[in-house]
Amino acid sequence: MKKISRDPKLQILSCVLVASLLICTGVTLAAQKKNAAPPATSVFAQDKGKFVIQLKGQTVGHEDFDIVPSGGGWTARGTTDLKPPDSAATRTSGTLTLQPDGAPISYEWTAQTDKKNGAHILFANGVAKITLEMQGARPFEQDMTFNTPLIAVLDNNLYYQYAVLARIYDWSKSGAQNLPVLIPQELTPGSVVVEAAGSLTAGGKSYDGLRVTTSDLQILLYLDNNHRLLRLEVPAASVSVVRE
């Protein structure tokens, strides 16, 4: 299948977060109810915000996101606008519906540059049923099987999904936890190791830390004491994502 083409400079942001995940490869949408109460046993908490995306200290984009109760589950969605230097602008949107325990129910994404591409994914019994739609081509269908229904969705250029990951992590058990991952825009499964990193400091402030590790890359999540994502750093790639 022909892969979606991307501007090389846009790849800087997406590849640093997903390239090493590829090495680790082994592996009904409910209507939103206004002012619905969060499920009592959910790992999630309602959240809304905006991230500033920086590459080598220069702002190259923003992401607006929210995480809200929806029927008996949750909906997490975000839209990222990127404009790296000397590159075309791109907009990426993703909507993820989740069980109260964090297991995905469905996911939809669209990416708009000179062409518009997108996909719809349904999750059931550890199987992801993917329908990919590329402009000018027939829809492509593919199934991916995982060993567990608890799958982390970490898509290109959609950083709110790391806020979801911070909730999926089992803080009561702590320690290193291996999670299967799906990178929808790459149609690729993978895995990450997630581990509490103790106290982290940035900008003179202290945060609860969470470390996401792949075979050759570390991503640091800076959280408040309620485990809300306030900052994300990829030190080796000089990428920072900071909540306004």
# chains A, B, ... in the order shown; residues from 1 in each chain; ligands from 1

$ residues_around --residues "Val68 of chain A" --least-positions-apart "4" --cutoff "6 Å" --atoms "only C-alpha atoms" --output "NGL selection string"
:A and (46 or 74-75)

$ write_last_selection --atoms "N, CA and C atoms" --output "PDB file, in the first residue's frame"
ATOM      1  N   GLN A  46     -12.135  15.079  33.589  1.00  0.00           N
ATOM      2  CA  GLN A  46     -12.419  16.038  32.522  1.00  0.00           C
ATOM      3  C   GLN A  46     -11.298  17.069  32.415  1.00  0.00           C
ATOM      4  N   TRP A  74     -15.761   7.893  27.596  1.00  0.00           N
ATOM      5  CA  TRP A  74     -15.080   9.179  27.477  1.00  0.00           C
ATOM      6  C   TRP A  74     -14.704   9.454  26.034  1.00  0.00           C
ATOM      7  N   THR A  75     -14.624  10.738  25.682  1.00  0.00           N
ATOM      8  CA  THR A  75     -14.127  11.149  24.375  1.00  0.00           C
ATOM      9  C   THR A  75     -12.934  12.085  24.580  1.00  0.00           C
TER      10      THR A  75
END

$ residues_around --residues "segment 48-54 of chain A" --least-positions-apart "6" --cutoff "6 Å" --atoms "only C-alpha atoms" --output "PyMOL selection string"
chain A and resi 60-66+239-244

$ write_last_selection --atoms "N, CA and C atoms" --output "tab-separated table (two decimals), in the first residue's frame"
chain	number	residue	atom	x	y	z
A	60	VAL	N	6.33	26.21	16.64
A	60	VAL	CA	5.99	25.74	15.30
A	60	VAL	C	4.54	25.28	15.19
A	61	GLY	N	3.78	25.36	16.27
A	61	GLY	CA	2.39	24.92	16.18
A	61	GLY	C	1.67	24.98	17.51
A	62	HIS	N	0.37	24.67	17.46
A	62	HIS	CA	-0.49	24.63	18.63
A	62	HIS	C	-1.45	23.45	18.51
A	63	GLU	N	-1.90	22.99	19.64
A	63	GLU	CA	-2.91	21.93	19.67
A	63	GLU	C	-3.99	22.30	20.69
A	64	ASP	N	-5.25	22.28	20.26
A	64	ASP	CA	-6.40	22.43	21.16
A	64	ASP	C	-6.98	21.05	21.42
A	65	PHE	N	-7.31	20.76	22.68
A	65	PHE	CA	-7.79	19.42	22.99
A	65	PHE	C	-8.80	19.48	24.13
A	66	ASP	N	-9.59	18.42	24.25
A	66	ASP	CA	-10.41	18.24	25.44
A	66	ASP	C	-10.64	16.76	25.69
A	239	VAL	N	12.38	18.76	21.25
A	239	VAL	CA	10.95	18.99	21.08
A	239	VAL	C	10.32	19.23	22.46
A	240	SER	N	9.55	20.30	22.57
A	240	SER	CA	8.81	20.60	23.80
A	240	SER	C	7.36	20.88	23.44
A	241	VAL	N	6.44	20.38	24.26
A	241	VAL	CA	5.02	20.65	24.11
A	241	VAL	C	4.53	21.14	25.47
A	242	VAL	N	4.12	22.42	25.54
A	242	VAL	CA	3.85	23.06	26.82
A	242	VAL	C	2.42	23.57	26.86
A	243	ARG	N	1.72	23.29	27.93
A	243	ARG	CA	0.35	23.77	28.10
A	243	ARG	C	0.35	25.28	28.37
A	244	GLU	N	-0.52	26.01	27.67
A	244	GLU	CA	-0.66	27.45	27.91
A	244	GLU	C	-1.35	27.71	29.23

$ select_by_dssp --residues "segment 36-241 of chain A" --states "alpha helix (DSSP H)" --output "ChimeraX atom specification"
/A:160-168

$ write_last_selection --atoms "N, CA and C atoms" --output "JSON list (two decimals), in the first residue's frame"
[["chain", "number", "residue", "atom", "x", "y", "z"],
["A", 160, "TYR", "N", -2.26, 15.28, 22.83],
["A", 160, "TYR", "CA", -3.22, 15.02, 23.89],
["A", 160, "TYR", "C", -3.30, 13.54, 24.22],
["A", 161, "GLN", "N", -2.89, 12.71, 23.27],
["A", 161, "GLN", "CA", -2.94, 11.27, 23.50],
["A", 161, "GLN", "C", -1.94, 10.83, 24.57],
["A", 162, "TYR", "N", -0.92, 11.64, 24.82],
["A", 162, "TYR", "CA", -0.02, 11.37, 25.94],
["A", 162, "TYR", "C", -0.69, 11.72, 27.26],
["A", 163, "ALA", "N", -1.64, 12.67, 27.25],
["A", 163, "ALA", "CA", -2.44, 12.93, 28.45],
["A", 163, "ALA", "C", -3.31, 11.72, 28.76],
["A", 164, "VAL", "N", -3.83, 11.07, 27.72],
["A", 164, "VAL", "CA", -4.59, 9.83, 27.90],
["A", 164, "VAL", "C", -3.69, 8.73, 28.44],
["A", 165, "LEU", "N", -2.48, 8.64, 27.89],
["A", 165, "LEU", "CA", -1.52, 7.62, 28.33],
["A", 165, "LEU", "C", -1.20, 7.77, 29.83],
["A", 166, "ALA", "N", -1.08, 9.01, 30.29],
["A", 166, "ALA", "CA", -0.80, 9.25, 31.70],
["A", 166, "ALA", "C", -1.92, 8.76, 32.60],
["A", 167, "ARG", "N", -3.13, 8.69, 32.07],
["A", 167, "ARG", "CA", -4.27, 8.17, 32.83],
["A", 167, "ARG", "C", -4.34, 6.65, 32.76],
["A", 168, "ILE", "N", -3.93, 6.08, 31.62],
["A", 168, "ILE", "CA", -3.96, 4.62, 31.47],
["A", 168, "ILE", "C", -2.93, 3.96, 32.38]]

$ atom_distance --atom1 "atom CA of Leu98 of chain A" --atom2 "atom CA of Lys115 of chain A"
28.8 Å

$ residues_around --residues "segment 132-146 of chain A" --least-positions-apart "4" --cutoff "8 Å" --atoms "only C-alpha atoms" --output "PyMOL selection string"
chain A and resi 4+27+115-120+126-128+151+180+189

$ select_by_dssp --residues "segment 26-219 of chain A" --states "strand (DSSP E or B)" --output "JSON, numbers by chain"
{"A": [47, 48, 49, 50, 51, 52, 53, 54, 55, 58, 59, 60, 61, 62, 63, 64, 65, 66, 67, 68, 69, 70, 73, 74, 75, 76, 77, 78, 79, 80, 81, 82, 90, 91, 92, 93, 94, 95, 96, 97, 98, 104, 105, 106, 107, 108, 109, 110, 111, 112, 116, 117, 118, 119, 120, 121, 122, 123, 124, 127, 128, 129, 130, 131, 132, 133, 134, 140, 141, 142, 143, 144, 145, 152, 153, 177, 178, 179, 180, 181, 182, 183, 188, 189, 190, 191, 192, 193, 194, 195, 196, 197, 198, 199, 200, 201, 202, 205, 206, 207, 208, 209, 210, 211, 212, 213, 218, 219]}

$ residues_around --residues "Leu96 of chain A" --least-positions-apart "4" --cutoff "12 Å" --atoms "only C-alpha atoms" --output "NGL selection string"
:A and (28-30 or 65-70 or 73-79 or 102-109 or 119-123 or 151-155 or 158 or 160-161 or 164 or 184)

$ write_last_selection --atoms "C-alpha atoms" --output "JSON list (two decimals), in the first residue's frame"
[["chain", "number", "residue", "atom", "x", "y", "z"],
["A", 28, "THR", "CA", -20.12, 2.72, 18.76],
["A", 29, "LEU", "CA", -19.20, 5.87, 19.08],
["A", 30, "ALA", "CA", -21.64, 7.02, 21.90],
["A", 65, "PHE", "CA", -7.79, 19.42, 22.99],
["A", 66, "ASP", "CA", -10.41, 18.24, 25.44],
["A", 67, "ILE", "CA", -11.20, 15.07, 27.39],
["A", 68, "VAL", "CA", -14.87, 14.78, 28.36],
["A", 69, "PRO", "CA", -17.34, 12.16, 29.63],
["A", 70, "SER", "CA", -19.50, 10.78, 26.85],
["A", 73, "GLY", "CA", -17.37, 6.31, 28.47],
["A", 74, "TRP", "CA", -15.08, 9.18, 27.48],
["A", 75, "THR", "CA", -14.13, 11.15, 24.37],
["A", 76, "ALA", "CA", -10.65, 12.63, 23.92],
["A", 77, "ARG", "CA", -10.04, 14.81, 20.89],
["A", 78, "GLY", "CA", -7.51, 17.26, 19.61],
["A", 79, "THR", "CA", -6.61, 19.38, 16.59],
["A", 102, "GLY", "CA", -8.89, 3.47, 29.13],
["A", 103, "ALA", "CA", -9.46, 0.75, 26.54],
["A", 104, "PRO", "CA", -10.18, 2.34, 23.13],
["A", 105, "ILE", "CA", -13.59, 1.93, 21.47],
["A", 106, "SER", "CA", -13.03, 3.89, 18.27],
["A", 107, "TYR", "CA", -10.66, 6.40, 16.71],
["A", 108, "GLU", "CA", -10.97, 8.78, 13.77],
["A", 109, "TRP", "CA", -8.26, 10.98, 12.33],
["A", 119, "ALA", "CA", -9.21, 6.77, 8.78],
["A", 120, "HIS", "CA", -11.80, 5.22, 11.05],
["A", 121, "ILE", "CA", -10.82, 2.48, 13.51],
["A", 122, "LEU", "CA", -13.04, 0.24, 15.62],
["A", 123, "PHE", "CA", -11.59, -1.70, 18.56],
["A", 151, "ILE", "CA", -4.13, -0.42, 23.68],
["A", 152, "ALA", "CA", -2.49, 3.00, 23.75],
["A", 153, "VAL", "CA", -3.22, 5.10, 20.66],
["A", 154, "LEU", "CA", -0.26, 7.44, 20.00],
["A", 155, "ASP", "CA", -0.73, 9.11, 16.64],
["A", 158, "LEU", "CA", -1.50, 14.62, 18.42],
["A", 160, "TYR", "CA", -3.22, 15.02, 23.89],
["A", 161, "GLN", "CA", -2.94, 11.27, 23.50],
["A", 164, "VAL", "CA", -4.59, 9.83, 27.90],
["A", 184, "PRO", "CA", -2.82, 4.95, 13.19]]

$ residues_around --residues "Gln112 of chain A" --least-positions-apart "5" --cutoff "10 Å" --atoms "only C-alpha atoms" --output "PyMOL selection string"
chain A and resi 81+89-93+117-118

$ write_last_selection --atoms "N, CA and C atoms" --output "compact mmCIF listing (two decimals), in the first residue's frame"
# COMPACT_ATOMS: atom_id res chain seq x y z
N ASP A 81 -2.34 22.33 14.65
CA ASP A 81 -1.92 23.11 13.50
C ASP A 81 -0.42 23.32 13.59
N ALA A 89 1.92 24.47 5.89
CA ALA A 89 1.15 24.23 7.11
C ALA A 89 0.36 22.93 6.97
N THR A 90 0.12 22.30 8.10
CA THR A 90 -0.68 21.08 8.11
C THR A 90 -1.59 21.09 9.33
N ARG A 91 -2.77 20.51 9.18
CA ARG A 91 -3.72 20.37 10.30
C ARG A 91 -4.06 18.90 10.47
N THR A 92 -3.94 18.41 11.71
CA THR A 92 -4.24 17.03 12.03
C THR A 92 -5.25 17.00 13.16
N SER A 93 -6.32 16.21 13.00
CA SER A 93 -7.35 16.07 14.03
C SER A 93 -7.55 14.60 14.36
N ASN A 117 -6.49 13.21 4.01
CA ASN A 117 -6.52 11.78 4.26
C ASN A 117 -7.12 11.53 5.64
N GLY A 118 -7.58 10.32 5.85
CA GLY A 118 -8.16 10.01 7.15
C GLY A 118 -8.44 8.54 7.31

$ atom_distance --atom1 "atom CA of Gln58 of chain A" --atom2 "atom CA of Ala237 of chain A"
12.9 Å

$ atom_distance --atom1 "atom CA of Gln218 of chain A" --atom2 "atom CA of Lys129 of chain A"
29.1 Å
